[in-house]
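Novice: File entry_2.txt below, compact mmCIF, C-alpha atoms and all ligand atoms:
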```
# COMPACT_ATOMS: atom_id res chain seq x y z
CA MET A 975 5.43 -37.63 -37.37
CA GLU A 976 7.75 -36.51 -34.57
CA THR A 977 6.93 -33.19 -33.01
CA THR A 978 10.45 -32.46 -31.79
CA ALA A 979 12.07 -29.19 -32.85
CA PHE A 980 14.52 -29.62 -35.73
CA PRO A 981 17.27 -27.05 -36.13
CA GLY A 982 18.76 -26.44 -39.55
CA TRP A 983 20.53 -24.09 -41.97
CA ILE A 984 17.97 -22.12 -43.96
CA VAL A 985 19.11 -19.96 -46.86
CA ARG A 986 17.09 -16.76 -46.98
CA ASP A 987 19.08 -13.64 -47.99
CA ALA A 988 21.91 -15.39 -46.14
CA ALA A 989 22.18 -18.79 -44.47
CA THR A 990 20.85 -18.70 -40.90
CA PHE A 991 20.81 -21.37 -38.21
CA GLU A 992 17.25 -21.62 -36.91
CA GLN A 993 14.44 -23.97 -35.94
CA LEU A 994 12.91 -25.51 -39.04
CA ASP A 995 9.27 -24.57 -39.62
CA LEU A 996 7.88 -27.93 -40.74
CA ALA A 997 5.33 -26.14 -42.95
CA LEU A 998 8.29 -25.16 -45.14
CA LEU A 999 8.89 -28.75 -46.28
CA ASP A 1000 7.35 -30.00 -49.52
CA ASP A 1001 4.74 -32.76 -49.64
CA LEU A 1002 7.05 -35.47 -51.05
CA ASP A 1003 6.56 -39.20 -50.57
CA THR A 1004 9.22 -39.96 -47.95
CA THR A 1005 10.08 -38.27 -44.65
CA VAL A 1006 13.59 -38.83 -43.32
CA ARG A 1007 14.96 -38.10 -39.86
CA VAL A 1008 18.34 -36.78 -40.95
CA ARG A 1009 21.31 -38.07 -38.98
CA TYR A 1010 24.22 -36.77 -41.07
CA SER A 1011 24.83 -34.37 -43.93
CA SER A 1012 28.17 -33.28 -45.34
CA ILE A 1013 29.96 -30.26 -46.74
CA ASN A 1014 30.63 -30.30 -50.46
CA TYR A 1015 31.89 -27.37 -52.52
CA LYS A 1016 28.28 -26.53 -53.48
CA ASP A 1017 27.26 -26.47 -49.80
CA ALA A 1018 30.08 -24.07 -49.08
CA LEU A 1019 28.85 -21.77 -51.86
CA ALA A 1020 25.25 -21.94 -50.59
CA LEU A 1021 26.10 -21.41 -46.92
CA HIS A 1022 28.29 -18.42 -47.75
CA GLY A 1023 25.80 -16.66 -50.02
CA ARG A 1024 27.61 -17.32 -53.31
CA PRO A 1025 25.39 -17.56 -56.39
CA GLY A 1026 24.77 -20.58 -58.61
CA VAL A 1027 23.46 -23.23 -56.21
CA VAL A 1028 20.30 -22.13 -54.36
CA ARG A 1029 17.44 -21.67 -56.82
CA ARG A 1030 14.60 -21.09 -54.38
CA HIS A 1031 14.24 -19.03 -51.18
CA PRO A 1032 13.86 -19.83 -48.36
CA LEU A 1033 15.60 -23.20 -48.80
CA VAL A 1034 17.04 -25.75 -46.40
CA ALA A 1035 20.70 -26.06 -47.44
CA GLY A 1036 22.58 -29.33 -47.91
CA ILE A 1037 23.03 -31.44 -51.05
CA ASP A 1038 23.50 -34.67 -49.06
CA LEU A 1039 21.55 -36.45 -46.37
CA THR A 1040 21.78 -39.76 -44.56
CA GLY A 1041 19.23 -40.90 -42.02
CA GLU A 1042 16.27 -43.04 -41.14
CA VAL A 1043 12.93 -43.20 -42.92
CA LEU A 1044 10.15 -42.03 -40.58
CA ALA A 1045 7.24 -42.45 -42.99
CA SER A 1046 6.89 -43.25 -46.67
CA ARG A 1047 4.22 -43.62 -49.35
CA HIS A 1048 6.90 -45.03 -51.70
CA PRO A 1049 6.69 -48.82 -52.24
CA ARG A 1050 10.44 -49.37 -51.63
CA TRP A 1051 10.70 -47.71 -48.22
CA GLN A 1052 9.54 -48.60 -44.71
CA PRO A 1053 9.94 -46.71 -41.44
CA GLY A 1054 13.35 -47.55 -39.97
CA ASP A 1055 15.16 -48.01 -43.31
CA VAL A 1056 18.58 -46.34 -43.28
CA VAL A 1057 18.99 -44.35 -46.49
CA THR A 1058 21.21 -41.83 -48.16
CA LEU A 1059 20.56 -39.26 -50.85
CA ASN A 1060 23.04 -37.20 -52.85
CA GLY A 1061 22.09 -34.37 -55.16
CA ALA A 1062 18.82 -34.98 -57.03
CA GLY A 1063 18.05 -31.29 -56.45
CA LEU A 1064 18.59 -31.30 -52.66
CA GLY A 1065 19.93 -27.98 -51.43
CA GLU A 1066 19.38 -26.47 -54.90
CA ASP A 1067 15.68 -26.56 -55.81
CA LEU A 1068 14.51 -29.02 -53.12
CA HIS A 1069 14.94 -28.62 -49.36
CA GLY A 1070 18.17 -30.33 -48.37
CA GLY A 1071 19.93 -32.25 -45.65
CA LEU A 1072 21.31 -29.60 -43.28
CA ALA A 1073 18.31 -29.86 -40.94
CA GLY A 1074 16.89 -32.56 -38.69
CA LEU A 1075 13.97 -33.47 -40.94
CA ALA A 1076 13.65 -33.81 -44.72
CA ALA A 1077 10.87 -34.68 -47.16
CA VAL A 1078 12.28 -36.33 -50.28
CA ASN A 1079 11.42 -38.38 -53.38
CA GLY A 1080 11.78 -42.08 -52.56
CA ASP A 1081 12.91 -42.84 -56.14
CA ASP A 1082 16.23 -41.11 -55.51
CA LEU A 1083 17.08 -42.77 -52.18
CA VAL A 1084 19.79 -45.40 -51.86
CA ARG A 1085 19.76 -47.95 -49.04
CA VAL A 1086 22.86 -47.60 -46.87
CA PRO A 1087 24.76 -50.90 -47.00
CA ALA A 1088 24.87 -52.43 -43.50
CA GLN A 1089 28.66 -52.93 -43.69
CA LEU A 1090 29.09 -49.20 -44.33
CA GLY A 1091 26.71 -47.66 -41.79
CA PRO A 1092 25.31 -44.10 -41.83
CA LEU A 1093 28.41 -42.14 -40.77
CA ARG A 1094 30.63 -43.63 -43.48
CA ALA A 1095 27.84 -43.29 -46.06
CA ALA A 1096 27.72 -39.58 -45.20
CA ALA A 1097 31.52 -39.39 -45.45
CA ILE A 1098 31.24 -40.72 -49.00
CA GLY A 1099 28.37 -38.36 -49.90
CA THR A 1100 28.18 -36.51 -53.20
CA ALA A 1101 31.98 -36.31 -53.36
CA GLY A 1102 32.38 -40.08 -53.19
CA LEU A 1103 29.46 -40.74 -55.50
CA THR A 1104 31.08 -38.41 -58.04
CA ALA A 1105 34.46 -40.11 -57.69
CA ALA A 1106 32.80 -43.49 -58.28
CA LEU A 1107 30.77 -42.20 -61.25
CA SER A 1108 34.04 -40.91 -62.71
CA LEU A 1109 35.71 -44.30 -62.31
CA LEU A 1110 32.72 -46.11 -63.85
CA ALA A 1111 32.69 -43.66 -66.78
CA LEU A 1112 36.43 -44.16 -67.42
CA GLU A 1113 36.01 -47.93 -67.32
CA ARG A 1114 33.06 -47.81 -69.74
CA GLN A 1115 35.53 -46.19 -72.16
CA GLY A 1116 37.96 -49.09 -71.73
CA LEU A 1117 40.28 -47.85 -68.98
CA ALA A 1118 41.78 -50.68 -66.93
CA PRO A 1119 44.69 -50.86 -64.46
CA GLU A 1120 46.99 -52.26 -67.18
CA THR A 1121 46.19 -49.35 -69.56
CA GLY A 1122 48.36 -46.98 -67.54
CA PRO A 1123 48.36 -44.55 -64.60
CA VAL A 1124 45.41 -42.32 -63.68
CA LEU A 1125 45.85 -38.67 -62.71
CA VAL A 1126 43.56 -37.21 -60.03
CA THR A 1127 43.44 -33.41 -59.77
CA GLY A 1128 42.33 -31.50 -56.66
CA ALA A 1129 43.50 -34.61 -54.85
CA GLY A 1130 43.39 -33.00 -51.41
CA GLY A 1131 39.67 -32.17 -51.69
CA GLY A 1132 36.57 -34.31 -51.17
CA VAL A 1133 36.13 -35.73 -54.69
CA GLY A 1134 39.90 -35.97 -55.16
CA SER A 1135 40.67 -37.78 -51.89
CA ILE A 1136 38.02 -40.40 -52.42
CA ALA A 1137 39.01 -40.80 -56.09
CA VAL A 1138 42.62 -41.48 -55.01
CA ALA A 1139 41.53 -44.10 -52.46
CA LEU A 1140 39.00 -45.71 -54.80
CA LEU A 1141 41.29 -45.93 -57.84
CA ALA A 1142 44.16 -47.29 -55.76
CA ALA A 1143 41.84 -49.92 -54.25
CA ALA A 1144 40.80 -50.86 -57.82
CA ARG A 1145 44.54 -51.46 -58.54
CA TYR A 1146 45.19 -48.39 -60.63
CA GLU A 1147 48.51 -46.58 -60.36
CA VAL A 1148 47.37 -43.19 -59.07
CA LEU A 1149 49.15 -39.87 -59.64
CA ALA A 1150 47.71 -37.30 -57.23
CA ALA A 1151 47.98 -33.65 -58.30
CA THR A 1152 47.61 -31.04 -55.57
CA GLY A 1153 48.43 -27.41 -54.91
CA ARG A 1154 49.73 -28.46 -51.46
CA PRO A 1155 52.31 -31.19 -52.14
CA ALA A 1156 54.45 -30.50 -49.07
CA GLU A 1157 51.44 -30.51 -46.74
CA LEU A 1158 49.52 -33.42 -48.25
CA SER A 1159 52.10 -35.85 -49.70
CA GLU A 1160 52.10 -38.20 -46.75
CA HIS A 1161 48.29 -38.20 -46.52
CA LEU A 1162 47.79 -38.81 -50.25
CA THR A 1163 50.38 -41.58 -50.28
CA ALA A 1164 48.58 -43.22 -47.35
CA LEU A 1165 45.35 -43.08 -49.39
CA GLY A 1166 47.10 -44.99 -52.17
CA ALA A 1167 48.77 -42.45 -54.44
CA ALA A 1168 51.87 -43.89 -56.14
CA ARG A 1169 53.17 -40.34 -56.73
CA VAL A 1170 52.18 -36.85 -55.67
CA LEU A 1171 52.53 -34.06 -58.25
CA ASP A 1172 52.60 -30.32 -57.70
CA ARG A 1173 49.71 -29.00 -59.82
CA THR A 1174 52.00 -26.33 -61.31
CA GLU A 1175 53.52 -29.25 -63.29
CA LEU A 1176 50.21 -29.28 -65.18
CA THR A 1177 49.97 -25.57 -65.80
CA SER A 1178 53.53 -24.31 -66.24
CA SER A 1179 54.12 -25.06 -69.94
CA GLY A 1180 50.72 -23.89 -71.22
CA LYS A 1181 51.27 -26.15 -74.27
CA PRO A 1182 48.34 -28.24 -75.57
CA LEU A 1183 50.47 -31.39 -75.97
CA GLY A 1184 53.07 -32.63 -73.51
CA LYS A 1185 54.78 -35.89 -72.66
CA GLN A 1186 52.21 -38.73 -72.61
CA ARG A 1187 52.14 -39.63 -68.93
CA TRP A 1188 48.74 -41.03 -67.96
CA ALA A 1189 45.96 -43.14 -69.48
CA GLY A 1190 43.12 -41.58 -67.48
CA VAL A 1191 42.21 -38.43 -65.59
CA VAL A 1192 39.69 -37.68 -62.85
CA ASP A 1193 39.48 -33.90 -62.81
CA ALA A 1194 37.65 -31.92 -60.11
CA VAL A 1195 39.38 -28.61 -60.81
CA GLY A 1196 38.74 -27.42 -64.38
CA GLY A 1197 40.51 -24.32 -65.78
CA PRO A 1198 44.19 -24.53 -66.75
CA VAL A 1199 44.66 -27.67 -64.63
CA LEU A 1200 42.23 -29.61 -66.84
CA ALA A 1201 43.98 -28.32 -69.98
CA GLY A 1202 47.33 -29.50 -68.54
CA ALA A 1203 45.83 -32.87 -67.60
CA LEU A 1204 44.60 -33.38 -71.18
CA ALA A 1205 48.01 -32.38 -72.55
CA GLY A 1206 49.60 -35.28 -70.63
CA LEU A 1207 47.09 -37.96 -71.69
CA GLN A 1208 48.39 -40.95 -73.62
CA HIS A 1209 47.01 -41.67 -77.08
CA SER A 1210 43.33 -42.80 -76.77
CA GLY A 1211 43.33 -41.78 -73.11
CA VAL A 1212 40.17 -40.67 -71.36
CA ALA A 1213 39.40 -37.95 -68.82
CA THR A 1214 36.38 -37.04 -66.73
CA THR A 1215 35.51 -33.50 -65.70
CA CYS A 1216 33.20 -32.78 -62.78
CA GLY A 1217 34.35 -29.60 -61.08
CA LEU A 1218 35.42 -26.01 -61.32
CA ALA A 1219 37.34 -25.36 -58.10
CA GLY A 1220 40.13 -23.91 -60.28
CA GLY A 1221 37.85 -22.12 -62.73
CA ALA A 1222 34.87 -22.67 -65.01
CA GLU A 1223 36.73 -21.39 -68.05
CA PHE A 1224 38.46 -24.11 -70.05
CA PRO A 1225 41.55 -22.69 -71.77
CA GLY A 1226 41.73 -25.81 -73.93
CA ASN A 1227 42.90 -26.72 -77.38
CA VAL A 1228 41.61 -29.36 -79.80
CA LEU A 1229 45.06 -30.89 -80.45
CA PRO A 1230 44.84 -33.65 -77.77
CA PHE A 1231 41.49 -34.69 -79.28
CA ILE A 1232 42.49 -34.71 -82.92
CA LEU A 1233 46.15 -35.79 -82.67
CA ARG A 1234 45.91 -38.23 -79.76
CA GLY A 1235 42.28 -39.34 -79.95
CA VAL A 1236 41.61 -38.56 -76.30
CA SER A 1237 38.08 -38.29 -74.86
CA LEU A 1238 36.64 -35.96 -72.26
CA LEU A 1239 33.53 -37.11 -70.37
CA GLY A 1240 31.26 -34.91 -68.27
CA ILE A 1241 30.05 -36.14 -64.88
CA ASP A 1242 26.83 -34.90 -63.29
CA SER A 1243 26.06 -36.64 -60.02
CA VAL A 1244 22.91 -34.58 -59.38
CA ARG A 1245 20.75 -36.12 -62.10
CA THR A 1246 22.28 -39.59 -62.07
CA PRO A 1247 19.56 -42.19 -62.67
CA PRO A 1248 18.80 -44.61 -59.78
CA LEU A 1249 20.42 -47.70 -61.36
CA ARG A 1250 23.71 -45.89 -61.95
CA ARG A 1251 23.62 -44.53 -58.37
CA GLU A 1252 23.19 -48.07 -57.07
CA ALA A 1253 26.11 -49.30 -59.21
CA ALA A 1254 28.36 -46.51 -57.93
CA TRP A 1255 27.42 -47.19 -54.31
CA GLN A 1256 28.08 -50.90 -54.82
CA ARG A 1257 31.58 -50.14 -56.12
CA LEU A 1258 32.27 -47.75 -53.24
CA THR A 1259 31.14 -50.32 -50.69
CA GLN A 1260 33.23 -53.10 -52.27
CA LEU A 1261 36.40 -51.08 -52.68
CA LEU A 1262 36.77 -48.38 -50.03
CA ASP A 1263 38.77 -49.34 -46.98
CA PRO A 1264 36.70 -48.08 -44.00
CA ALA A 1265 39.84 -47.10 -42.05
CA LEU A 1266 41.11 -45.01 -44.99
CA LEU A 1267 37.69 -43.39 -45.34
CA ASP A 1268 37.78 -42.52 -41.63
CA SER A 1269 41.27 -41.07 -42.05
CA LEU A 1270 40.02 -38.50 -44.57
CA THR A 1271 36.85 -37.60 -42.63
CA ARG A 1272 36.23 -34.90 -40.01
CA VAL A 1273 32.90 -34.66 -38.16
CA VAL A 1274 31.44 -31.30 -37.07
CA PRO A 1275 28.21 -30.46 -35.23
CA LEU A 1276 25.36 -28.92 -37.24
CA ALA A 1277 25.82 -25.47 -35.72
CA GLU A 1278 29.41 -25.38 -37.05
CA ALA A 1279 28.57 -26.34 -40.64
CA LYS A 1280 28.91 -22.81 -42.02
CA ASP A 1281 32.28 -22.18 -40.37
CA ALA A 1282 33.58 -25.56 -41.52
CA ALA A 1283 32.49 -24.78 -45.08
CA ALA A 1284 34.74 -21.71 -45.27
CA SER A 1285 37.84 -23.89 -45.77
CA LEU A 1286 36.44 -25.25 -49.05
CA LEU A 1287 36.01 -21.75 -50.44
CA ALA A 1288 39.55 -20.89 -49.37
CA GLY A 1289 40.85 -24.04 -51.16
CA THR A 1290 42.31 -25.30 -47.89
CA GLY A 1291 39.79 -28.06 -47.08
CA THR A 1292 41.15 -31.57 -46.86
CA GLY A 1293 39.15 -34.74 -47.41
CA ARG A 1294 35.56 -34.84 -46.27
CA ILE A 1295 33.56 -32.95 -43.64
CA VAL A 1296 30.57 -34.83 -42.22
CA VAL A 1297 27.92 -32.79 -40.42
CA ASP A 1298 26.42 -34.49 -37.39
CA VAL A 1299 22.88 -33.16 -37.70
CA ALA A 1300 21.75 -34.76 -34.44
CA SER A 1301 24.41 -32.84 -32.54
CA ALA A 1302 23.47 -29.17 -32.85
N1 LIG B 1401 29.65 -32.59 -61.36
C1 LIG B 1401 29.29 -33.11 -60.19
O1 LIG B 1401 28.36 -33.90 -60.08
C2 LIG B 1401 30.07 -32.71 -58.97
C3 LIG B 1401 29.94 -33.44 -57.79
C4 LIG B 1401 30.77 -33.11 -56.70
C5 LIG B 1401 31.62 -32.02 -56.81
N2 LIG B 1401 31.65 -31.32 -57.96
C6 LIG B 1401 32.57 -30.20 -58.12
O2 LIG B 1401 33.89 -30.70 -57.99
C7 LIG B 1401 34.73 -29.72 -57.39
C8 LIG B 1401 35.37 -30.30 -56.15
O3 LIG B 1401 34.38 -30.54 -55.17
P1 LIG B 1401 34.79 -30.97 -53.70
O4 LIG B 1401 33.53 -31.11 -52.94
O5 LIG B 1401 35.77 -32.06 -53.78
O6 LIG B 1401 35.53 -29.60 -53.22
P2 LIG B 1401 36.78 -29.46 -52.25
O7 LIG B 1401 36.73 -30.47 -51.18
O8 LIG B 1401 36.82 -28.02 -51.90
O9 LIG B 1401 38.03 -29.82 -53.18
C9 LIG B 1401 38.45 -28.98 -54.22
C10 LIG B 1401 39.95 -29.12 -54.39
O10 LIG B 1401 40.33 -28.44 -55.58
C11 LIG B 1401 41.62 -27.87 -55.42
N3 LIG B 1401 41.52 -26.42 -55.64
C12 LIG B 1401 40.85 -25.51 -54.88
N4 LIG B 1401 41.00 -24.27 -55.38
C13 LIG B 1401 41.79 -24.40 -56.47
C14 LIG B 1401 42.31 -23.48 -57.43
N5 LIG B 1401 42.06 -22.17 -57.35
N6 LIG B 1401 43.07 -23.95 -58.44
C15 LIG B 1401 43.33 -25.28 -58.54
N7 LIG B 1401 42.88 -26.21 -57.66
C16 LIG B 1401 42.11 -25.77 -56.64
C17 LIG B 1401 42.05 -28.15 -53.98
O11 LIG B 1401 42.82 -29.36 -54.00
P3 LIG B 1401 44.40 -29.36 -53.74
O12 LIG B 1401 44.63 -28.47 -52.56
O13 LIG B 1401 44.75 -30.78 -53.52
O14 LIG B 1401 45.02 -28.77 -54.98
C18 LIG B 1401 40.74 -28.45 -53.28
O15 LIG B 1401 40.92 -29.26 -52.16
C19 LIG B 1401 33.82 -28.52 -57.12
O16 LIG B 1401 33.91 -27.62 -58.20
C20 LIG B 1401 32.44 -29.13 -57.06
O17 LIG B 1401 31.40 -28.23 -57.33
C21 LIG B 1401 30.89 -31.63 -59.04
```
Before anything else, please render the file you have as structure tokens.

Specialist:
Amino acid sequence: METTAFPGWIVRDAATFEQLDLALLDDLDTTVRVRYSSINYKDALALHGRPGVVRRHPLVAGIDLTGEVLASRHPRWQPGDVVTLNGAGLGEDLHGGLAGLAAVNGDDLVRVPAQLGPLRAAAIGTAGLTAALSLLALERQGLAPETGPVLVTGAGGGVGSIAVALLAAARYEVLAATGRPAELSEHLTALGAARVLDRTELTSSGKPLGKQRWAGVVDAVGGPVLAGALAGLQHSGVATTCGLAGGAEFPGNVLPFILRGVSLLGIDSVRTPPLRREAAWQRLTQLLDPALLDSLTRVVPLAEAKDAAASLLAGTGTGRIVVDVASA
């Protein structure tokens, strides 16, 4: 075990940047020297003292980590393996990735594909895993590029940006809904969106059934936006819901379900079983254009993680924020 000092973000009453006391870490089978973490919506909540994420105090924040195995009692992992881990309790009830060292369960780790490398794996993170799980869920229900367009809500955010890029790479016609069409149109079109919609188009009528415009939906927003997305689904269309950036309440109506036979699928990346994680990472590695991924990624040093997270709470974040844990 290294004896170097490892700085990190520890959530006590509030999140503080301090040297990690190694005695804080749990005795889990694999120790990882963390190289990168990232800022997801949940990280922003945890770092800014909002409830609902951190279930144990003190806790190392960070729901993602990417780094190198230092030691492992798990049969799959050797020192030097480059691995990534998203969710699985990190930063919620297990110590997370916003510190230089982590002790984790080897069962949940995914090997970082060599063609991706650790920085891009961190850029994908929970947001990208969730986008890929959403795509896989839609396809298990029969969605295919020829079925019709796919709407992505919260398209400017982490899940949304990667969903746009991923779906476009898989040859879907992507409609990207955002609250910032003027600011983000060019960016979203470059990621692969065929059209950019102002999200008020989804919420203005308030009616449960509208014109049938899309065959699939990847929703990261919830609230009235999700209700509007369901109202525009074609007959037998399918939607996934993973997020609540626009509200946890669902002002929905059963009419799309009973008159158009649509389906709504829940996505939980945190407890995704290992085989499904591997499948999602395989799809991400095959499909995502590295240059596009880089274009939606910003890297910040560890000490700036909390400041960088504020933009997600304000709804003004764009794409993905990677935290360079080695650069404090
Ligand atoms: N279930 C899971 O496993 C899972 C995994 C990852 C994330 N999530 C959830 O998914 C959501 C998105 O996560 P993220 O990391 O992508 O966050 P993010 O980067 O902050 O993106 C959220 C996006 O939602 C839109 N938005 C923000 N505030 C809004 C509001 N008041 N009304 C309507 N739209 C709003 C914005 O997009 P525009 O500016 O383009 O409109 C924003 O960029 C969060 O709720 C997160 O907790 C769930």

Novice: Please write out the residues within 7 Å of ligand LIG 1401 (chain B) as a PyMOL selection string, counting all atoms listed in the file.

Specialist: chain A and resi 1014-1016+1100-1101+1104+1127-1134+1151-1154+1173+1194-1195+1199+1216-1221+1241-1244+1286-1287+1289-1294

Novice: Between A:Thr1005, A:Gln1208, A:Gln1089, A:Asn1060, which residue has the minimum interatomic distance to Asp1263 in chain A, considering only C-alpha atoms?

Specialist: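 Between A:Thr1005, A:Gln1208, A:Gln1089, A:Asn1060, the residue approaching Asp1263 in chain A most closely is A:Gln1089.
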
Novice: Find the residues with any atom within 12 Å of (18.7, -27.4, -50.1); use all atoms listed in the file and the coordinates as given in the file, and write the answer as a ChimeraX atom specification.

Specialist: /A:982-986,989,998-1000,1011,1016-1021,1027-1039,1060-1073,1075-1078

Novice: When you count all atoms listed in the file, which of these residues is closest to Thr1215 in chain A: A:Ala1279, A:Leu1112, A:Ala1265, A:Leu1149?

Specialist: A:Leu1112

Novice: Quick one: pull the distance between CA of Gly1041 in chain A and CA of Glu992 in chain A, Å, one decimal.

Specialist: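 Distance reported for this atom pair: 20.0 Å.
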
Novice: Under the rule that all atoms listed in the file are counted, which of A:Gly1099, A:Ser1108, A:Val1057, A:Leu996 is the nearest residue to Arg1085 in chain A?

Specialist: A:Val1057

Novice: Would you work out the distance separating CA of Gly1166 in chain A from CA of Ala1142 in chain A, expressed in Å to one decimal?

Specialist: 5.2 Å

Novice: Mind giving me the straight-line distance from CA of Leu1093 in chain A to CA of Val1296 in chain A in Å, one decimal?

Specialist: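 Result for CA of Leu1093 in chain A versus CA of Val1296 in chain A: 7.8 Å, one decimal.
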
Novice: I'd like to know which of A:His1209, A:Arg1257, A:His1022, A:His1048 is closest to Leu1002 in chain A, using all atoms listed in the file.

Specialist: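 Result for the nearest residue to Leu1002 in chain A: A:His1048.
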
Novice: Give the answer as one residue: which of A:Val1192, A:Ala1156, A:Leu1183, A:Leu1229 has the shortest atom-to-atom distance to Leu1109 in chain A, using only C-alpha atoms?

Specialist: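 For Leu1109 in chain A, the nearest of the given residues is A:Val1192.
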
Novice: When you count all atoms listed in the file, which of these residues is closest to Ser1210 in chain A: A:Ala1150, A:Leu1261, A:Leu1162, A:Leu1238?

Specialist: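 Ranked by minimum distance to Ser1210 in chain A, first place goes to A:Leu1238.
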
Novice: Taking 6 positions as the minimum chain separation for residues in the same chain, which residues sit within 8 Å of Asp1082 in chain A when counting all atoms listed in the file? Answer as a PyMOL selection string.

Specialist: chain A and resi 1059+1062+1247-1248

Novice: Find the residues near Leu1141 in chain A: any atom within 9 Å, counting all atoms listed in the file, skip ones fewer than 3 places away on the same chain, and give them as a list of chain:residue names.

Specialist: A:Ala1105, A:Ala1106, A:Leu1109, A:Pro1119, A:Val1124, A:Ile1136, A:Ala1137, A:Val1138, A:Ala1144, A:Arg1145, A:Tyr1146, A:Glu1147, A:Val1148, A:Gly1166, A:Ala1167, A:Leu1261

Novice: Residues within 7 Å of Leu1276 in chain A, please, as a PDB file with C-alpha atoms, keeping the file's coordinate frame. Count all atoms listed in the file; anything in the same chain fewer than 6 positions from it doesn't count.

Specialist:
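Here's the written file result_31.pdb:
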```pdb
ATOM      1  CA  VAL A1297      27.920 -32.790 -40.420  1.00  0.00           C
ATOM      2  CA  ASP A1298      26.420 -34.490 -37.390  1.00  0.00           C
ATOM      3  CA  VAL A1299      22.880 -33.160 -37.700  1.00  0.00           C
ATOM      4  CA  SER A1301      24.410 -32.840 -32.540  1.00  0.00           C
ATOM      5  CA  ALA A1302      23.470 -29.170 -32.850  1.00  0.00           C
TER       6      ALA A1302
END
```
